[in-house]
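Undergrad: See query-v1.txt below, with compact mmCIF, C-alpha atoms.
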```
# COMPACT_ATOMS: atom_id res chain seq x y z
CA MET A 1121 140.72 116.16 167.73
CA THR A 1122 139.13 113.68 165.32
CA SER A 1123 137.92 110.39 166.79
CA THR A 1124 139.81 107.29 165.66
CA SER A 1125 136.62 105.19 165.47
CA GLY A 1126 135.92 106.40 161.95
CA ALA A 1127 139.52 106.92 160.87
CA ALA A 1128 141.19 105.14 158.00
CA PRO A 1129 142.49 101.70 158.94
CA GLN A 1130 146.03 101.52 160.20
CA VAL A 1131 146.57 98.32 158.19
CA PRO A 1132 145.64 98.41 154.48
CA ARG A 1133 142.92 95.96 153.48
CA PRO A 1134 145.11 93.90 151.04
CA ARG A 1135 147.56 93.17 153.89
CA ILE A 1136 144.72 92.19 156.22
CA GLN A 1137 143.32 89.84 153.58
CA GLY A 1138 146.74 88.35 152.89
CA LEU A 1139 147.33 87.71 156.58
CA SER A 1140 143.82 86.26 156.93
CA ASP A 1141 144.33 83.81 154.06
CA LEU A 1142 147.66 82.74 155.55
CA ILE A 1143 146.26 82.08 159.02
CA PHE A 1144 143.19 80.23 157.73
CA GLY A 1145 145.44 78.14 155.48
CA LEU A 1146 147.79 77.29 158.34
CA ALA A 1147 144.91 76.39 160.65
CA LEU A 1148 143.50 73.98 158.06
CA SER A 1149 146.94 72.52 157.34
CA ILE A 1150 147.68 71.83 161.00
CA GLY A 1151 144.62 69.61 161.24
CA ALA A 1152 145.74 67.59 158.20
CA ILE A 1153 149.30 67.28 159.55
CA GLN A 1154 147.89 66.03 162.85
CA LEU A 1155 146.13 63.20 160.98
CA VAL A 1156 149.39 62.15 159.31
CA GLY A 1157 151.32 62.32 162.58
CA ASN A 1158 148.88 60.08 164.47
CA LEU A 1159 147.97 57.22 162.16
CA PRO A 1160 144.99 55.18 163.41
CA GLN A 1161 145.53 51.53 164.25
CA THR A 1162 141.95 50.33 163.86
CA HIS A 1163 138.94 50.97 161.61
CA ASN A 1164 137.10 52.65 164.48
CA GLY A 1165 140.12 54.86 165.07
CA LEU A 1166 140.16 55.81 161.39
CA VAL A 1167 136.47 56.75 161.43
CA THR A 1168 136.88 58.73 164.65
CA ASP A 1169 139.90 60.66 163.35
CA LEU A 1170 138.24 61.44 160.02
CA SER A 1171 135.02 62.53 161.74
CA GLY A 1172 136.93 64.82 164.08
CA PHE A 1173 138.94 66.33 161.24
CA ALA A 1174 135.77 66.79 159.16
CA PHE A 1175 134.10 68.68 162.01
CA SER A 1176 137.09 70.97 162.57
CA PHE A 1177 137.45 71.47 158.80
CA LEU A 1178 133.78 72.36 158.43
CA ILE A 1179 134.00 74.90 161.26
CA LEU A 1180 137.09 76.62 159.84
CA ILE A 1181 136.02 76.56 156.19
CA SER A 1182 132.59 77.95 157.11
CA VAL A 1183 134.20 80.76 159.11
CA TRP A 1184 136.57 81.50 156.22
CA ASN A 1185 133.75 81.45 153.66
CA ARG A 1186 131.56 83.81 155.68
CA TYR A 1187 134.53 86.04 156.55
CA SER A 1188 135.66 86.30 152.91
CA THR A 1189 132.13 87.01 151.67
CA THR A 1190 131.51 89.66 154.31
CA MET A 1191 134.83 91.46 153.94
CA SER A 1192 134.58 91.46 150.13
CA VAL A 1193 131.53 93.74 150.35
CA MET A 1194 132.64 95.76 153.39
CA PRO A 1195 133.35 99.15 151.77
CA VAL A 1196 135.08 100.65 154.81
CA GLU A 1197 137.40 99.47 157.54
CA THR A 1198 137.65 101.41 160.78
CA THR A 1199 140.21 100.94 163.52
CA GLN A 1200 137.60 98.95 165.44
CA LEU A 1201 137.03 96.57 162.52
CA VAL A 1202 140.77 96.05 162.11
CA ARG A 1203 141.10 95.15 165.79
CA LEU A 1204 138.18 92.74 165.56
CA ASN A 1205 139.86 91.22 162.50
CA MET A 1206 142.94 90.58 164.62
CA LEU A 1207 140.81 89.01 167.37
CA LEU A 1208 139.08 86.74 164.85
CA LEU A 1209 142.39 85.62 163.37
CA PHE A 1210 143.74 84.87 166.86
CA LEU A 1211 140.71 82.69 167.60
CA VAL A 1212 141.17 80.91 164.25
CA ALA A 1213 144.86 80.29 164.96
CA VAL A 1214 144.06 78.83 168.41
CA GLU A 1215 141.32 76.46 167.13
CA PRO A 1216 143.56 73.65 165.77
CA PHE A 1217 145.69 73.68 168.94
CA LEU A 1218 142.69 73.30 171.23
CA PHE A 1219 141.03 70.73 168.98
CA ASN A 1220 144.18 68.62 168.65
CA VAL A 1221 144.79 68.68 172.42
CA LEU A 1222 141.20 67.52 172.89
CA VAL A 1223 141.67 64.70 170.36
CA ILE A 1224 145.11 63.60 171.57
CA ARG A 1225 144.29 63.69 175.28
CA GLY A 1226 140.81 62.27 174.73
CA LEU A 1227 137.42 63.34 176.04
CA GLY A 1228 137.88 61.17 179.11
CA SER A 1229 141.21 62.69 180.16
CA ALA A 1230 141.65 64.88 183.21
CA ILE A 1231 142.11 67.96 181.04
CA GLY A 1232 139.38 67.08 178.55
CA ALA A 1233 136.63 69.08 180.23
CA GLU A 1234 138.79 72.21 180.57
CA VAL A 1235 140.01 72.09 176.96
CA SER A 1236 136.47 71.59 175.67
CA GLU A 1237 135.38 74.69 177.62
CA TYR A 1238 138.05 76.80 175.94
CA TYR A 1239 137.16 75.28 172.58
CA SER A 1240 133.49 76.20 173.04
CA LEU A 1241 134.40 79.79 173.85
CA ASP A 1242 136.87 79.92 170.94
CA ILE A 1243 134.29 78.89 168.32
CA GLY A 1244 131.61 80.98 169.99
CA GLY A 1245 133.94 83.99 169.81
CA MET A 1246 134.57 83.44 166.08
CA ASN A 1247 130.85 83.44 165.36
CA LEU A 1248 130.21 86.47 167.58
CA VAL A 1249 132.84 88.56 165.78
CA GLN A 1250 131.42 87.51 162.42
CA ALA A 1251 127.90 88.32 163.60
CA TYR A 1252 129.11 91.83 164.40
CA PHE A 1253 130.67 92.21 160.96
CA VAL A 1254 127.41 91.16 159.30
CA HIS A 1255 125.47 93.44 161.66
CA VAL A 1256 127.55 96.38 160.43
CA LEU A 1257 126.70 95.48 156.84
CA ALA A 1258 123.01 95.08 157.66
CA SER A 1259 122.75 98.44 159.41
CA GLU A 1260 120.24 100.52 157.45
CA GLU A 1261 121.72 103.75 158.81
CA LYS A 1262 125.16 103.02 157.35
CA ASN A 1263 123.87 102.28 153.82
CA LEU A 1264 126.73 99.88 153.14
CA ILE A 1265 124.74 97.42 151.00
CA PRO A 1266 121.63 97.64 148.77
CA ARG A 1267 118.45 97.80 150.84
CA ASP A 1268 117.05 94.66 149.21
CA LEU A 1269 119.93 92.66 150.73
CA ILE A 1270 119.52 93.92 154.28
CA ARG A 1271 116.93 91.29 155.22
CA HIS A 1272 119.20 88.47 154.02
CA TYR A 1273 122.18 89.77 155.99
CA LYS A 1274 120.08 90.20 159.11
CA ALA A 1275 119.03 86.56 158.79
CA ILE A 1276 122.67 85.53 158.48
CA ARG A 1277 123.55 87.64 161.54
CA ASN A 1278 120.80 85.98 163.57
CA LEU A 1279 121.99 82.50 162.57
CA LEU A 1280 125.55 83.41 163.58
CA LEU A 1281 124.24 84.64 166.93
CA LEU A 1282 122.33 81.37 167.34
CA THR A 1283 125.53 79.40 166.69
CA THR A 1284 127.36 81.61 169.19
CA ALA A 1285 124.67 80.98 171.80
CA ILE A 1286 124.86 77.19 171.32
CA PHE A 1287 128.64 77.06 171.75
CA VAL A 1288 128.66 79.43 174.73
CA ALA A 1289 125.75 77.62 176.40
CA SER A 1290 127.52 74.29 175.92
CA ASP A 1291 130.22 75.61 178.26
CA ILE A 1292 127.85 75.08 181.21
CA PRO A 1293 129.38 72.22 183.29
CA VAL A 1294 126.21 70.12 183.26
CA PHE A 1295 126.57 69.64 179.50
CA TRP A 1296 129.88 67.86 180.11
CA SER A 1297 128.69 65.62 182.92
CA ILE A 1298 125.64 64.38 180.97
CA THR A 1299 126.56 61.84 178.28
CA LEU A 1300 124.64 60.26 175.42
CA SER A 1301 126.01 57.26 173.52
CA GLY A 1302 129.30 57.77 175.32
CA LEU A 1303 129.68 61.41 174.23
CA PRO A 1304 129.30 64.43 176.49
CA LEU A 1305 126.21 66.47 175.67
CA ARG A 1306 128.55 69.40 175.06
CA VAL A 1307 130.04 67.68 172.02
CA LEU A 1308 126.59 66.74 170.72
CA LEU A 1309 125.55 70.39 170.97
CA TRP A 1310 128.56 71.29 168.83
CA VAL A 1311 127.40 68.81 166.20
CA LEU A 1312 123.91 70.33 166.27
CA THR A 1313 125.37 73.61 165.01
CA ILE A 1314 126.17 72.02 161.64
CA PRO A 1315 122.58 72.44 160.28
CA VAL A 1316 122.67 76.06 161.47
CA ILE A 1317 125.98 76.61 159.68
CA TRP A 1318 124.65 75.18 156.42
CA THR A 1319 121.47 77.24 156.72
CA SER A 1320 123.64 80.32 157.11
CA ARG A 1321 125.50 79.39 153.92
CA LEU A 1322 122.23 78.99 152.03
CA PHE A 1323 121.15 82.46 153.13
CA GLY A 1324 124.54 83.75 152.05
CA LYS A 1325 124.11 82.30 148.55
CA ARG A 1326 120.70 83.91 148.25
CA ALA A 1327 122.18 87.23 149.30
```
Any chance you could put this one into structure tokens?
TA:
Amino acid sequence: MTSTSGAAPQVPRPRIQGLSDLIFGLALSIGAIQLVGNLPQTHNGLVTDLSGFAFSFLILISVWNRYSTTMSVMPVETTQLVRLNMLLLFLVAVEPFLFNVLVIRGLGSAIGAEVSEYYSLDIGGMNLVQAYFVHVLASEEKNLIPRDLIRHYKAIRNLLLLTTAIFVASDIPVFWSITLSGLPLRVLLWVLTIPVIWTSRLFGKRA
């Protein structure tokens, strides 16, 4: 009996892409709605809310940009890739919920540490799935892309793995207990991924 690992996808690509666009759009919209529903009362509150929304927006839009670019040149979809697509979309859908709970409850709340742990794993999972997608494209044995692009895609994969490592490592409890300028080191590590994300985008443009 033929293995399902190389079988045709159970869900046609156009439907996967349509669902992906819908979920990414909803995730981005939820963050904006949250801003409207919790109007800041002070200038510091305004800056904090905008900074938080900008960070969440940058994470989601970067994931969407990399996802769209990767899947647009992925010539095949196996059952495994379809399932990983579903996992990625689940992680994307969960992101605004976790982020808004973290913002509403506050970093100093009793549940703040636990929510931030789940958030770290959520973003780390997104990047890990994307790293696998790019790894599939960069595989020389599969011949999915021109050989002169393989080096670029391997660099993108490595940057995605680096981002994954930072978010997963930030889940270590000590990074929550240590603070700098009033912020847990875990949150500062999240911010440090922004240069890595932009470097990944630059590699993507070159590719």
Undergrad: Sorted by chain and rising residue number, which residues of region 1151-1207 of chain A lie within 10 Å of region 1214-1237 of chain A, and what are their closest atom pairs and distances in Å to one decimal, counting all atoms listed in the file, as a Markdown table?
TA:
```
| residue | atom | partner | partner_atom | distance |
| --- | --- | --- | --- | --- |
| A:Gly1151 | CA | A:Pro1216 | CA | 6.2 |
| A:Ala1152 | CA | A:Pro1216 | CA | 9.9 |
| A:Gln1154 | CA | A:Asn1220 | CA | 7.4 |
| A:Leu1155 | CA | A:Asn1220 | CA | 9.6 |
| A:Asn1158 | CA | A:Ile1224 | CA | 8.8 |
| A:Thr1168 | CA | A:Val1223 | CA | 9.5 |
| A:Asp1169 | CA | A:Val1223 | CA | 8.3 |
| A:Gly1172 | CA | A:Val1223 | CA | 7.9 |
| A:Phe1173 | CA | A:Phe1219 | CA | 9.1 |
| A:Ser1176 | CA | A:Phe1219 | CA | 7.5 |
| A:Phe1177 | CA | A:Pro1216 | CA | 9.5 |
| A:Ile1179 | CA | A:Glu1215 | CA | 9.5 |
| A:Leu1180 | CA | A:Glu1215 | CA | 8.4 |
```
Undergrad: Just to be explicit: take each residue in the selection above, keep C-alpha atoms, and write the result as a PDB file, keeping the file's coordinate frame.
TA:
```
ATOM      1  CA  GLY A1151     144.620  69.610 161.240  1.00  0.00           C
ATOM      2  CA  ALA A1152     145.740  67.590 158.200  1.00  0.00           C
ATOM      3  CA  GLN A1154     147.890  66.030 162.850  1.00  0.00           C
ATOM      4  CA  LEU A1155     146.130  63.200 160.980  1.00  0.00           C
ATOM      5  CA  ASN A1158     148.880  60.080 164.470  1.00  0.00           C
ATOM      6  CA  THR A1168     136.880  58.730 164.650  1.00  0.00           C
ATOM      7  CA  ASP A1169     139.900  60.660 163.350  1.00  0.00           C
ATOM      8  CA  GLY A1172     136.930  64.820 164.080  1.00  0.00           C
ATOM      9  CA  PHE A1173     138.940  66.330 161.240  1.00  0.00           C
ATOM     10  CA  SER A1176     137.090  70.970 162.570  1.00  0.00           C
ATOM     11  CA  PHE A1177     137.450  71.470 158.800  1.00  0.00           C
ATOM     12  CA  ILE A1179     134.000  74.900 161.260  1.00  0.00           C
ATOM     13  CA  LEU A1180     137.090  76.620 159.840  1.00  0.00           C
TER      14      LEU A1180
END
```
Undergrad: Taking into account only C-alpha atoms, which residue in the set A:Thr1284, A:Ser1240, A:Asn1185, A:Asn1247 is nearest to Leu1308 (chain A)?
TA: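 The closest residue to Leu1308 (chain A) is A:Ser1240.
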Undergrad: Kindly indicate which residue among A:Trp1318, A:Phe1144, A:Trp1310, A:Tyr1273 lies nearest to Phe1287 (chain A), using only C-alpha atoms for the distances.
TA: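 Using only C-alpha atoms, Phe1287 (chain A) sits closest to A:Trp1310.
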Undergrad: Hey, which of A:Ala1289, A:Leu1204, A:Ala1275, A:Ile1298 ends up closest to Tyr1252 (chain A)? Count all atoms listed in the file.
TA: A:Leu1204
Undergrad: In Å, with one decimal, what is the gap from CA of Leu1146 (chain A) to CA of Tyr1239 (chain A)?
TA: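 Between these atoms lies a distance of 17.9 Å.
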Undergrad: Taking only C-alpha atoms into account, name the residue in A:Gln1200, A:Gln1137, A:Thr1319, A:Asn1278 that is nearest to His1255 (chain A).
TA: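 Nearest candidate to His1255 (chain A) out of A:Gln1200, A:Gln1137, A:Thr1319, A:Asn1278: A:Asn1278.
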Undergrad: Grab the CA of Ile1265 (chain A) to CA of Met1194 (chain A) distance for me, in Å with one decimal place.
TA: 8.4 Å
Undergrad: Rounded to one decimal, what separation in Å do you get between CA of Met1246 (chain A) and CA of Leu1211 (chain A)?
TA: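 Distance reported for this atom pair: 6.4 Å.
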Undergrad: With 10 Å as the threshold, what does the neighbourhood of (122.2, 96.3, 157.3) contain in terms of residues, counting all atoms listed in the file? Coordinates are those of the file; answer as a PyMOL selection string.
TA: chain A and resi 1254-1274+1277
Undergrad: Considering all atoms listed in the file, can you say which of A:Leu1303, A:Leu1248, A:Ile1243, A:Val1316 comes closest to Asp1291 (chain A)?
TA: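 Of the candidates, the smallest distance to Asp1291 (chain A) is held by A:Ile1243.
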Undergrad: As a PDB file, in the coordinates of the input, could you write out region 1236-1269 of chain A once it has been completed with N, CA and C atoms?
TA:
```pdb
ATOM      1  N   SER A1236     137.731  71.458 176.402  1.00  0.00           N
ATOM      2  CA  SER A1236     136.470  71.590 175.670  1.00  0.00           C
ATOM      3  C   SER A1236     135.773  72.908 176.006  1.00  0.00           C
ATOM      4  N   GLU A1237     135.953  73.398 177.240  1.00  0.00           N
ATOM      5  CA  GLU A1237     135.380  74.690 177.620  1.00  0.00           C
ATOM      6  C   GLU A1237     136.022  75.811 176.816  1.00  0.00           C
ATOM      7  N   TYR A1238     137.348  75.787 176.725  1.00  0.00           N
ATOM      8  CA  TYR A1238     138.050  76.800 175.940  1.00  0.00           C
ATOM      9  C   TYR A1238     137.680  76.702 174.462  1.00  0.00           C
ATOM     10  N   TYR A1239     137.520  75.474 173.985  1.00  0.00           N
ATOM     11  CA  TYR A1239     137.160  75.280 172.580  1.00  0.00           C
ATOM     12  C   TYR A1239     135.775  75.867 172.300  1.00  0.00           C
ATOM     13  N   SER A1240     134.833  75.643 173.213  1.00  0.00           N
ATOM     14  CA  SER A1240     133.490  76.200 173.040  1.00  0.00           C
ATOM     15  C   SER A1240     133.532  77.713 172.947  1.00  0.00           C
ATOM     16  N   LEU A1241     134.300  78.328 173.840  1.00  0.00           N
ATOM     17  CA  LEU A1241     134.400  79.790 173.850  1.00  0.00           C
ATOM     18  C   LEU A1241     135.131  80.294 172.600  1.00  0.00           C
ATOM     19  N   ASP A1242     136.114  79.522 172.133  1.00  0.00           N
ATOM     20  CA  ASP A1242     136.870  79.920 170.940  1.00  0.00           C
ATOM     21  C   ASP A1242     135.954  79.972 169.722  1.00  0.00           C
ATOM     22  N   ILE A1243     135.187  78.910 169.483  1.00  0.00           N
ATOM     23  CA  ILE A1243     134.290  78.890 168.320  1.00  0.00           C
ATOM     24  C   ILE A1243     133.152  79.886 168.503  1.00  0.00           C
ATOM     25  N   GLY A1244     132.646  79.995 169.732  1.00  0.00           N
ATOM     26  CA  GLY A1244     131.610  80.980 169.990  1.00  0.00           C
ATOM     27  C   GLY A1244     132.110  82.390 169.704  1.00  0.00           C
ATOM     28  N   GLY A1245     133.360  82.676 170.077  1.00  0.00           N
ATOM     29  CA  GLY A1245     133.940  83.990 169.810  1.00  0.00           C
ATOM     30  C   GLY A1245     134.069  84.274 168.326  1.00  0.00           C
ATOM     31  N   MET A1246     134.482  83.265 167.544  1.00  0.00           N
ATOM     32  CA  MET A1246     134.570  83.440 166.080  1.00  0.00           C
ATOM     33  C   MET A1246     133.223  83.868 165.508  1.00  0.00           C
ATOM     34  N   ASN A1247     132.176  83.161 165.903  1.00  0.00           N
ATOM     35  CA  ASN A1247     130.850  83.440 165.360  1.00  0.00           C
ATOM     36  C   ASN A1247     130.322  84.793 165.836  1.00  0.00           C
ATOM     37  N   LEU A1248     130.665  85.176 167.065  1.00  0.00           N
ATOM     38  CA  LEU A1248     130.210  86.470 167.580  1.00  0.00           C
ATOM     39  C   LEU A1248     130.855  87.618 166.816  1.00  0.00           C
ATOM     40  N   VAL A1249     132.154  87.516 166.543  1.00  0.00           N
ATOM     41  CA  VAL A1249     132.840  88.560 165.780  1.00  0.00           C
ATOM     42  C   VAL A1249     132.243  88.652 164.375  1.00  0.00           C
ATOM     43  N   GLN A1250     132.003  87.497 163.754  1.00  0.00           N
ATOM     44  CA  GLN A1250     131.420  87.510 162.420  1.00  0.00           C
ATOM     45  C   GLN A1250     130.009  88.085 162.430  1.00  0.00           C
ATOM     46  N   ALA A1251     129.253  87.778 163.483  1.00  0.00           N
ATOM     47  CA  ALA A1251     127.900  88.320 163.600  1.00  0.00           C
ATOM     48  C   ALA A1251     127.957  89.848 163.654  1.00  0.00           C
ATOM     49  N   TYR A1252     128.966  90.375 164.339  1.00  0.00           N
ATOM     50  CA  TYR A1252     129.110  91.830 164.400  1.00  0.00           C
ATOM     51  C   TYR A1252     129.440  92.405 163.028  1.00  0.00           C
ATOM     52  N   PHE A1253     130.344  91.744 162.300  1.00  0.00           N
ATOM     53  CA  PHE A1253     130.670  92.210 160.960  1.00  0.00           C
ATOM     54  C   PHE A1253     129.418  92.274 160.074  1.00  0.00           C
ATOM     55  N   VAL A1254     128.625  91.204 160.111  1.00  0.00           N
ATOM     56  CA  VAL A1254     127.410  91.160 159.300  1.00  0.00           C
ATOM     57  C   VAL A1254     126.404  92.208 159.789  1.00  0.00           C
ATOM     58  N   HIS A1255     126.358  92.417 161.107  1.00  0.00           N
ATOM     59  CA  HIS A1255     125.470  93.440 161.660  1.00  0.00           C
ATOM     60  C   HIS A1255     125.826  94.820 161.117  1.00  0.00           C
ATOM     61  N   VAL A1256     127.120  95.094 160.991  1.00  0.00           N
ATOM     62  CA  VAL A1256     127.550  96.380 160.430  1.00  0.00           C
ATOM     63  C   VAL A1256     127.059  96.519 159.001  1.00  0.00           C
ATOM     64  N   LEU A1257     127.179  95.439 158.225  1.00  0.00           N
ATOM     65  CA  LEU A1257     126.700  95.480 156.840  1.00  0.00           C
ATOM     66  C   LEU A1257     125.190  95.675 156.774  1.00  0.00           C
ATOM     67  N   ALA A1258     124.473  95.060 157.698  1.00  0.00           N
ATOM     68  CA  ALA A1258     123.010  95.080 157.660  1.00  0.00           C
ATOM     69  C   ALA A1258     122.412  96.348 158.256  1.00  0.00           C
ATOM     70  N   SER A1259     123.250  97.211 158.804  1.00  0.00           N
ATOM     71  CA  SER A1259     122.750  98.440 159.410  1.00  0.00           C
ATOM     72  C   SER A1259     122.176  99.371 158.337  1.00  0.00           C
ATOM     73  N   GLU A1260     120.891  99.657 158.432  1.00  0.00           N
ATOM     74  CA  GLU A1260     120.240 100.520 157.450  1.00  0.00           C
ATOM     75  C   GLU A1260     120.793 101.934 157.493  1.00  0.00           C
ATOM     76  N   GLU A1261     121.214 102.385 158.683  1.00  0.00           N
ATOM     77  CA  GLU A1261     121.720 103.750 158.810  1.00  0.00           C
ATOM     78  C   GLU A1261     123.039 103.950 158.076  1.00  0.00           C
ATOM     79  N   LYS A1262     123.839 102.887 157.963  1.00  0.00           N
ATOM     80  CA  LYS A1262     125.160 103.020 157.350  1.00  0.00           C
ATOM     81  C   LYS A1262     125.100 102.954 155.822  1.00  0.00           C
ATOM     82  N   ASN A1263     124.028 102.359 155.281  1.00  0.00           N
ATOM     83  CA  ASN A1263     123.870 102.280 153.820  1.00  0.00           C
ATOM     84  C   ASN A1263     125.088 101.642 153.138  1.00  0.00           C
ATOM     85  N   LEU A1264     125.551 100.541 153.689  1.00  0.00           N
ATOM     86  CA  LEU A1264     126.730  99.880 153.140  1.00  0.00           C
ATOM     87  C   LEU A1264     126.386  98.889 152.032  1.00  0.00           C
ATOM     88  N   ILE A1265     125.163  98.382 152.013  1.00  0.00           N
ATOM     89  CA  ILE A1265     124.740  97.420 151.000  1.00  0.00           C
ATOM     90  C   ILE A1265     123.371  97.842 150.467  1.00  0.00           C
ATOM     91  N   PRO A1266     122.973  97.336 149.298  1.00  0.00           N
ATOM     92  CA  PRO A1266     121.630  97.640 148.770  1.00  0.00           C
ATOM     93  C   PRO A1266     120.547  97.244 149.772  1.00  0.00           C
ATOM     94  N   ARG A1267     119.494  98.031 149.843  1.00  0.00           N
ATOM     95  CA  ARG A1267     118.450  97.800 150.840  1.00  0.00           C
ATOM     96  C   ARG A1267     117.758  96.455 150.649  1.00  0.00           C
ATOM     97  N   ASP A1268     117.724  95.944 149.413  1.00  0.00           N
ATOM     98  CA  ASP A1268     117.050  94.660 149.210  1.00  0.00           C
ATOM     99  C   ASP A1268     117.855  93.475 149.733  1.00  0.00           C
ATOM    100  N   LEU A1269     119.111  93.724 150.154  1.00  0.00           N
ATOM    101  CA  LEU A1269     119.930  92.660 150.730  1.00  0.00           C
ATOM    102  C   LEU A1269     119.956  92.695 152.254  1.00  0.00           C
TER     103      LEU A1269
END
```
